[in-house]
$ cat target_35.cif   # mmCIF, C-alpha atoms
data_work
loop_
_atom_site.group_PDB
_atom_site.id
_atom_site.type_symbol
_atom_site.label_atom_id
_atom_site.label_comp_id
_atom_site.auth_asym_id
_atom_site.auth_seq_id
_atom_site.Cartn_x
_atom_site.Cartn_y
_atom_site.Cartn_z
ATOM 1 C CA GLY A 1 28.285 10.816 -14.177
ATOM 2 C CA LYS A 2 24.920 11.746 -15.611
ATOM 3 C CA LYS A 3 22.357 12.782 -13.030
ATOM 4 C CA MET A 4 19.675 10.136 -12.521
ATOM 5 C CA ALA A 5 16.066 11.041 -13.222
ATOM 6 C CA LYS A 6 13.849 11.474 -10.171
ATOM 7 C CA LYS A 7 11.755 8.387 -9.554
ATOM 8 C CA ILE A 8 10.049 6.599 -6.682
ATOM 9 C CA THR A 9 9.434 2.847 -6.698
ATOM 10 C CA TYR A 10 6.726 1.996 -4.174
ATOM 11 C CA TYR A 11 6.640 -1.509 -2.671
ATOM 12 C CA PHE A 12 3.424 -2.057 -0.788
ATOM 13 C CA ASP A 13 0.988 -4.545 0.716
ATOM 14 C CA ILE A 14 -2.665 -3.497 1.144
ATOM 15 C CA VAL A 15 -2.812 -5.361 4.472
ATOM 16 C CA SER A 16 -0.849 -2.717 6.372
ATOM 17 C CA PRO A 17 -2.742 0.274 7.838
ATOM 18 C CA TYR A 18 0.417 2.413 7.669
ATOM 19 C CA THR A 19 0.475 1.603 3.950
ATOM 20 C CA ALA A 20 -3.064 2.967 3.632
ATOM 21 C CA LEU A 21 -1.648 6.241 5.013
ATOM 22 C CA SER A 22 1.242 6.383 2.557
ATOM 23 C CA TRP A 23 -1.059 5.508 -0.340
ATOM 24 C CA CYS A 24 -3.187 8.574 0.383
ATOM 25 C CA VAL A 25 -0.124 10.813 0.452
ATOM 26 C CA LEU A 26 1.052 9.469 -2.911
ATOM 27 C CA GLN A 27 -2.399 10.090 -4.363
ATOM 28 C CA ARG A 28 -2.365 13.654 -3.049
ATOM 29 C CA TYR A 29 1.086 14.478 -4.413
ATOM 30 C CA LYS A 30 1.374 12.553 -7.691
ATOM 31 C CA ASP A 31 0.161 15.498 -9.788
ATOM 32 C CA LYS A 32 2.188 18.037 -7.807
ATOM 33 C CA TRP A 33 5.396 16.013 -8.081
ATOM 34 C CA LYS A 34 5.053 14.914 -11.706
ATOM 35 C CA ILE A 35 7.702 12.223 -11.263
ATOM 36 C CA PRO A 36 7.263 8.527 -12.083
ATOM 37 C CA ILE A 37 5.870 6.521 -9.173
ATOM 38 C CA VAL A 38 6.283 2.844 -10.021
ATOM 39 C CA LEU A 39 3.853 0.579 -8.161
ATOM 40 C CA LYS A 40 5.177 -2.787 -7.019
ATOM 41 C CA PRO A 41 2.725 -4.871 -5.006
ATOM 42 C CA PHE A 42 4.584 -7.380 -2.838
ATOM 43 C CA PHE A 43 3.853 -9.898 -0.083
ATOM 44 C CA LEU A 44 4.488 -8.417 3.353
ATOM 45 C CA GLY A 45 4.334 -11.859 4.993
ATOM 46 C CA GLY A 46 7.245 -12.972 2.818
ATOM 47 C CA VAL A 47 9.259 -9.850 3.632
ATOM 48 C CA MET A 48 8.679 -10.296 7.375
ATOM 49 C CA LYS A 49 9.664 -13.959 7.255
ATOM 50 C CA GLU A 50 12.784 -13.341 5.177
ATOM 51 C CA THR A 51 14.036 -10.446 7.322
ATOM 52 C CA GLY A 52 12.942 -11.809 10.714
ATOM 53 C CA ASN A 53 10.673 -8.804 11.257
ATOM 54 C CA LYS A 54 7.534 -9.001 13.425
ATOM 55 C CA PRO A 55 4.340 -6.928 13.204
ATOM 56 C CA PRO A 56 4.471 -3.941 15.626
ATOM 57 C CA ALA A 57 1.594 -5.461 17.609
ATOM 58 C CA MET A 58 3.621 -8.631 18.201
ATOM 59 C CA THR A 59 7.001 -7.261 19.236
ATOM 60 C CA ILE A 60 6.998 -5.833 22.767
ATOM 61 C CA PRO A 61 3.839 -5.103 24.807
ATOM 62 C CA ALA A 62 4.698 -1.409 25.185
ATOM 63 C CA ARG A 63 5.024 -0.994 21.436
ATOM 64 C CA ALA A 64 1.785 -2.881 20.763
ATOM 65 C CA LYS A 65 -0.014 -0.687 23.286
ATOM 66 C CA ASN A 66 1.324 2.469 21.671
ATOM 67 C CA MET A 67 0.511 1.369 18.129
ATOM 68 C CA PHE A 68 -3.258 1.717 18.417
ATOM 69 C CA GLY A 69 -3.074 5.277 19.741
ATOM 70 C CA ASP A 70 -0.406 6.121 17.183
ATOM 71 C CA LEU A 71 -2.564 4.833 14.332
ATOM 72 C CA LYS A 72 -5.611 6.759 15.559
ATOM 73 C CA ARG A 73 -3.620 10.004 15.805
ATOM 74 C CA ASN A 74 -2.229 9.356 12.329
ATOM 75 C CA TYR A 75 -5.697 8.748 10.893
ATOM 76 C CA SER A 76 -6.625 12.180 12.203
ATOM 77 C CA LEU A 77 -3.425 13.820 10.901
ATOM 78 C CA PHE A 78 -3.618 12.174 7.467
ATOM 79 C CA GLY A 79 -7.362 12.890 7.261
ATOM 80 C CA ILE A 80 -8.436 9.343 6.514
ATOM 81 C CA PRO A 81 -11.449 7.654 8.167
ATOM 82 C CA ILE A 82 -9.675 4.343 8.848
ATOM 83 C CA LEU A 83 -11.437 1.813 11.097
ATOM 84 C CA ASP A 84 -9.851 -0.214 13.889
ATOM 85 C CA LEU A 85 -7.892 -3.233 12.695
ATOM 86 C CA PRO A 86 -10.312 -6.063 11.875
ATOM 87 C CA ALA A 87 -10.721 -8.588 14.706
ATOM 88 C CA ASN A 88 -9.656 -11.339 12.290
ATOM 89 C CA PHE A 89 -6.608 -9.391 11.073
ATOM 90 C CA PHE A 90 -3.889 -11.899 12.018
ATOM 91 C CA THR A 91 -5.952 -15.092 11.816
ATOM 92 C CA GLU A 92 -7.603 -14.445 8.468
ATOM 93 C CA VAL A 93 -6.903 -11.153 6.697
ATOM 94 C CA ALA A 94 -3.093 -11.308 6.724
ATOM 95 C CA ARG A 95 -3.260 -14.791 5.194
ATOM 96 C CA LYS A 96 -5.829 -14.045 2.484
ATOM 97 C CA ILE A 97 -4.527 -10.613 1.442
ATOM 98 C CA LEU A 98 -2.260 -12.211 -1.148
ATOM 99 C CA MET A 99 -5.300 -12.559 -3.410
ATOM 100 C CA LEU A 100 -5.634 -8.770 -3.539
ATOM 101 C CA GLN A 101 -1.921 -8.298 -4.177
ATOM 102 C CA ARG A 102 -2.024 -10.791 -7.044
ATOM 103 C CA THR A 103 -5.065 -9.083 -8.533
ATOM 104 C CA ILE A 104 -3.121 -5.798 -8.654
ATOM 105 C CA ALA A 105 -0.241 -7.660 -10.319
ATOM 106 C CA ALA A 106 -2.666 -9.195 -12.823
ATOM 107 C CA ALA A 107 -4.067 -5.754 -13.665
ATOM 108 C CA GLN A 108 -0.537 -4.503 -14.350
ATOM 109 C CA ALA A 109 0.303 -7.601 -16.405
ATOM 110 C CA THR A 110 -2.715 -7.064 -18.674
ATOM 111 C CA GLY A 111 -1.380 -3.605 -19.490
ATOM 112 C CA MET A 112 -3.956 -1.592 -17.551
ATOM 113 C CA SER A 113 -3.189 2.117 -17.261
ATOM 114 C CA GLN A 114 -1.518 3.297 -14.063
ATOM 115 C CA GLU A 115 -4.594 5.410 -13.341
ATOM 116 C CA GLN A 116 -6.844 2.345 -13.459
ATOM 117 C CA VAL A 117 -4.417 0.300 -11.343
ATOM 118 C CA GLU A 118 -4.423 3.125 -8.777
ATOM 119 C CA LYS A 119 -8.227 2.958 -8.624
ATOM 120 C CA ILE A 120 -7.970 -0.761 -7.857
ATOM 121 C CA VAL A 121 -5.415 -0.140 -5.101
ATOM 122 C CA SER A 122 -7.689 2.544 -3.633
ATOM 123 C CA ALA A 123 -10.741 0.255 -3.771
ATOM 124 C CA PHE A 124 -8.881 -2.564 -1.999
ATOM 125 C CA THR A 125 -7.583 -0.097 0.601
ATOM 126 C CA ILE A 126 -11.105 1.202 1.275
ATOM 127 C CA ALA A 127 -12.520 -2.335 1.478
ATOM 128 C CA VAL A 128 -9.899 -3.575 3.953
ATOM 129 C CA HIS A 129 -9.414 -0.479 6.119
ATOM 130 C CA VAL A 130 -12.212 2.052 5.683
ATOM 131 C CA ASP A 131 -15.642 0.712 4.672
ATOM 132 C CA PRO A 132 -17.772 -0.371 7.686
ATOM 133 C CA SER A 133 -20.083 -2.372 5.404
ATOM 134 C CA MET A 134 -17.182 -4.761 4.714
ATOM 135 C CA ARG A 135 -17.129 -5.736 8.426
ATOM 136 C CA ASP A 136 -19.503 -7.860 10.505
ATOM 137 C CA GLU A 137 -20.893 -6.883 13.928
ATOM 138 C CA LYS A 138 -17.801 -8.386 15.633
ATOM 139 C CA ASN A 139 -15.545 -6.189 13.449
ATOM 140 C CA ASN A 140 -14.306 -9.115 11.343
ATOM 141 C CA LEU A 141 -13.462 -8.208 7.760
ATOM 142 C CA LYS A 142 -15.562 -10.143 5.242
ATOM 143 C CA THR A 143 -13.765 -13.176 3.822
ATOM 144 C CA ILE A 144 -11.388 -12.188 1.045
ATOM 145 C CA ASP A 145 -12.536 -14.356 -1.847
ATOM 146 C CA SER A 146 -13.402 -13.844 -5.503
ATOM 147 C CA ASP A 147 -16.692 -12.130 -4.554
ATOM 148 C CA PHE A 148 -14.806 -9.664 -2.358
ATOM 149 C CA VAL A 149 -12.401 -8.962 -5.226
ATOM 150 C CA MET A 150 -15.277 -8.522 -7.703
ATOM 151 C CA VAL A 151 -17.045 -5.988 -5.472
ATOM 152 C CA CYS A 152 -13.829 -3.965 -5.259
ATOM 153 C CA LEU A 153 -13.035 -4.145 -8.974
ATOM 154 C CA ARG A 154 -16.549 -3.055 -9.896
ATOM 155 C CA ALA A 155 -16.251 -0.160 -7.424
ATOM 156 C CA ALA A 156 -12.992 0.773 -9.194
ATOM 157 C CA GLY A 157 -15.039 1.197 -12.376
ATOM 158 C CA ILE A 158 -13.995 -2.007 -14.112
ATOM 159 C CA LYS A 159 -16.501 -3.625 -16.468
ATOM 160 C CA PHE A 160 -18.007 -6.898 -15.271
ATOM 161 C CA GLU A 161 -16.331 -9.062 -17.942
ATOM 162 C CA ASP A 162 -12.891 -7.521 -17.339
ATOM 163 C CA ALA A 163 -13.325 -7.848 -13.590
ATOM 164 C CA LYS A 164 -14.209 -11.518 -14.005
ATOM 165 C CA SER A 165 -11.121 -12.258 -16.081
ATOM 166 C CA LEU A 166 -8.850 -10.277 -13.723
ATOM 167 C CA THR A 167 -10.177 -12.248 -10.765
ATOM 168 C CA GLY A 168 -9.353 -15.418 -12.682
ATOM 169 C CA MET A 169 -5.899 -14.126 -13.597
ATOM 170 C CA ALA A 170 -5.076 -13.433 -9.956
ATOM 171 C CA VAL A 171 -4.426 -17.156 -9.443
ATOM 172 C CA SER A 172 -2.252 -17.448 -12.561
ATOM 173 C CA LYS A 173 1.453 -18.177 -12.508
ATOM 174 C CA THR A 174 2.081 -14.760 -14.071
ATOM 175 C CA ALA A 175 0.477 -12.872 -11.178
ATOM 176 C CA LYS A 176 2.150 -15.095 -8.576
ATOM 177 C CA ASN A 177 5.553 -14.573 -10.189
ATOM 178 C CA ILE A 178 5.184 -10.784 -10.280
ATOM 179 C CA ILE A 179 4.515 -10.773 -6.524
ATOM 180 C CA LEU A 180 7.450 -13.127 -5.879
ATOM 181 C CA GLN A 181 9.772 -10.994 -8.026
ATOM 182 C CA ASN A 182 8.662 -7.734 -6.444
ATOM 183 C CA THR A 183 9.076 -9.238 -2.980
ATOM 184 C CA SER A 184 12.611 -10.501 -3.565
ATOM 185 C CA GLU A 185 13.611 -7.266 -5.339
ATOM 186 C CA ALA A 186 12.330 -5.254 -2.366
ATOM 187 C CA ILE A 187 14.256 -7.428 0.090
ATOM 188 C CA GLN A 188 17.412 -7.055 -2.015
ATOM 189 C CA ARG A 189 16.985 -3.292 -1.849
ATOM 190 C CA GLY A 190 16.716 -3.389 1.933
ATOM 191 C CA ALA A 191 12.966 -3.697 2.594
ATOM 192 C CA TYR A 192 11.785 -5.034 5.939
ATOM 193 C CA GLY A 193 8.146 -3.873 5.892
ATOM 194 C CA SER A 194 5.418 -1.942 4.077
ATOM 195 C CA PRO A 195 5.368 0.745 2.790
ATOM 196 C CA SER A 196 8.841 0.676 1.243
ATOM 197 C CA PHE A 197 10.335 3.171 -1.192
ATOM 198 C CA TRP A 198 13.308 3.020 -3.561
ATOM 199 C CA VAL A 199 14.272 6.583 -4.328
ATOM 200 C CA GLU A 200 16.315 7.653 -7.359
ATOM 201 C CA GLY A 201 17.607 11.038 -8.495
ATOM 202 C CA GLY A 202 18.398 12.598 -5.135
ATOM 203 C CA LYS A 203 20.586 15.679 -4.811
ATOM 204 C CA ALA A 204 24.253 15.276 -3.825
ATOM 205 C CA PRO A 205 25.494 13.691 -1.651
ATOM 206 C CA PHE A 206 22.447 11.411 -1.944
ATOM 207 C CA SER A 207 22.511 10.861 -5.694
ATOM 208 C CA LYS A 208 22.921 7.110 -5.303
ATOM 209 C CA PRO A 209 19.511 5.359 -5.149
ATOM 210 C CA PHE A 210 18.466 4.583 -1.570
ATOM 211 C CA TYR A 211 15.855 2.707 0.442
ATOM 212 C CA VAL A 212 13.302 4.369 2.728
ATOM 213 C CA PHE A 213 10.810 2.683 5.062
ATOM 214 C CA GLY A 214 7.526 3.963 6.415
ATOM 215 C CA SER A 215 4.657 6.396 5.955
ATOM 216 C CA ASP A 216 6.417 9.056 8.040
ATOM 217 C CA ARG A 217 9.406 9.753 5.779
ATOM 218 C CA PHE A 218 7.828 11.767 2.984
ATOM 219 C CA GLU A 219 9.377 15.005 4.198
ATOM 220 C CA GLN A 220 12.814 13.418 3.941
ATOM 221 C CA ILE A 221 12.124 11.991 0.458
ATOM 222 C CA ALA A 222 10.804 15.337 -0.809
ATOM 223 C CA HIS A 223 13.813 17.153 0.660
ATOM 224 C CA ILE A 224 16.336 14.837 -0.999
ATOM 225 C CA LEU A 225 14.509 14.895 -4.351
ATOM 226 C CA GLY A 226 13.910 18.646 -4.223
ATOM 227 C CA ILE A 227 10.150 18.276 -4.704
ATOM 228 C CA GLU A 228 7.264 20.025 -3.008
ATOM 229 C CA TRP A 229 6.247 19.124 0.537
ATOM 230 C CA ALA A 230 3.452 20.812 2.478
ATOM 231 C CA GLY A 231 2.470 18.087 4.935
ATOM 232 C CA VAL A 232 0.553 14.837 4.565
ATOM 233 C CA ASN A 233 -2.772 16.500 3.740
ATOM 234 C CA PRO A 234 -2.019 19.853 2.088
ATOM 235 C CA ASP A 235 -5.474 20.534 0.618
ATOM 236 C CA GLY A 236 -7.724 18.826 3.168
ATOM 237 C CA ASP A 237 -8.464 16.296 0.455
ATOM 238 C CA ARG A 238 -10.314 13.122 1.473
ATOM 239 C CA VAL A 239 -8.779 10.978 -1.322
ATOM 240 C CA LEU A 240 -10.438 7.808 -0.034
ATOM 241 C CA PRO A 241 -14.230 7.883 0.319
ATOM 242 C CA SER A 242 -15.449 6.046 3.405
ATOM 243 C CA LYS A 243 -17.513 3.655 1.290
ATOM 244 C CA LEU A 244 -16.671 1.648 -1.799
#
$ encode --input "target_35.cif" --output "structure tokens"
Amino acid sequence: GKKMAKKITYYFDIVSPYTALSWCVLQRYKDKWKIPIVLKPFFLGGVMKETGNKPPAMTIPARAKNMFGDLKRNYSLFGIPILDLPANFFTEVARKILMLQRTIAAAQATGMSQEQVEKIVSAFTIAVHVDPSMRDEKNNLKTIDSDFVMVCLRAAGIKFEDAKSLTGMAVSKTAKNIILQNTSEAIQRGAYGSPSFWVEGGKAPFSKPFYVFGSDRFEQIAHILGIEWAGVNPDGDRVLPSKL
């Protein structure tokens, strides 16, 4: 048959710190790779529920204990100034994050350019994981509400009026349906967490599209697609500023 074009579909939820890592790698390589990277925001909570997965911190004590050190070492390796998980991560953040996901979906639905959508994803990532001014003195993330979204959208360079209407659109049926569709499509393709990748155009014998999980599989993806790989931070590029 005809060889498939190289393409990566990226299923992601801002809530996950490992997803913040993979986002930075994609930002660093998109111009080097010059292949389509399709962004599909989904709801990690829905994926976990559907597949019976549990957050690493809630599986076995040994794994939970390791996760914090692992994340810190990864932040150093990936060159990203990520903060500790917010104190209200499971009680509050994981529940409210859907608003950010739906805002990304709304931006896509209004026909925003991929470049502008990427700026929104970066702003949300900085707000949730990187910017100390978005935390209180007990390390709780500020409440994710329409003000939170507005601050991020403005930081992403979106005009006030457009930001207002996007924030409104985030609660629309359209935005909700995009997230639902992306979530069920990801699960159908084998997703059980974030970040998730659907990879097309691999070299034989991997020419059939396949599913990849995690921020630590880029070397494998690049190998199978025959695209450049020089580590997670080839140019010592910060990508995400530490403030919005």
$ closest_residue --input "target_35.cif" --among "A:Val128, A:Gln27, A:Phe213, A:Gln181" --to "Pro195 of chain A" --atoms "only C-alpha atoms"
A:Phe213
$ residues_near_point --input "target_35.cif" --point "(17.8, -9.5, 5.0)" --cutoff "8 Å" --atoms "all atoms listed in the file" --output "list of chain:residue names"
A:Glu50, A:Thr51, A:Gly52, A:Ile187, A:Gln188, A:Gly190, A:Ala191, A:Tyr192
$ closest_residue --input "target_35.cif" --among "A:Ala222, A:Ala106, A:Val47, A:Val15" --to "Leu85 of chain A" --atoms "all atoms listed in the file"
A:Val15
$ atom_distance --input "target_35.cif" --atom1 "atom CA of Ser16 of chain A" --atom2 "atom CA of Lys159 of chain A"
27.7 Å
$ resolve_selection --input "target_35.cif" --expression "the PyMOL selection byres ((chain A and resi 215) around 9)" --output "list in words"
Tyr18, Thr19, Ala20, Leu21, Ser22, Trp23, Val25, Ser194, Pro195, Ser196, Phe213, Gly214, Asp216, Arg217 and Phe218 of chain A
$ atom_distance --input "target_35.cif" --atom1 "atom CA of Lys34 of chain A" --atom2 "atom CA of Asn182 of chain A"
23.5 Å
$ axis_aligned_box --input "target_35.cif" --around "segment 190-197 of chain A" --padding-each-side "5 Å" --output "JSON"
{"center_x": 11.0, "center_y": -0.9, "center_z": 2.4, "size_x": 21.3, "size_y": 18.2, "size_z": 17.1}
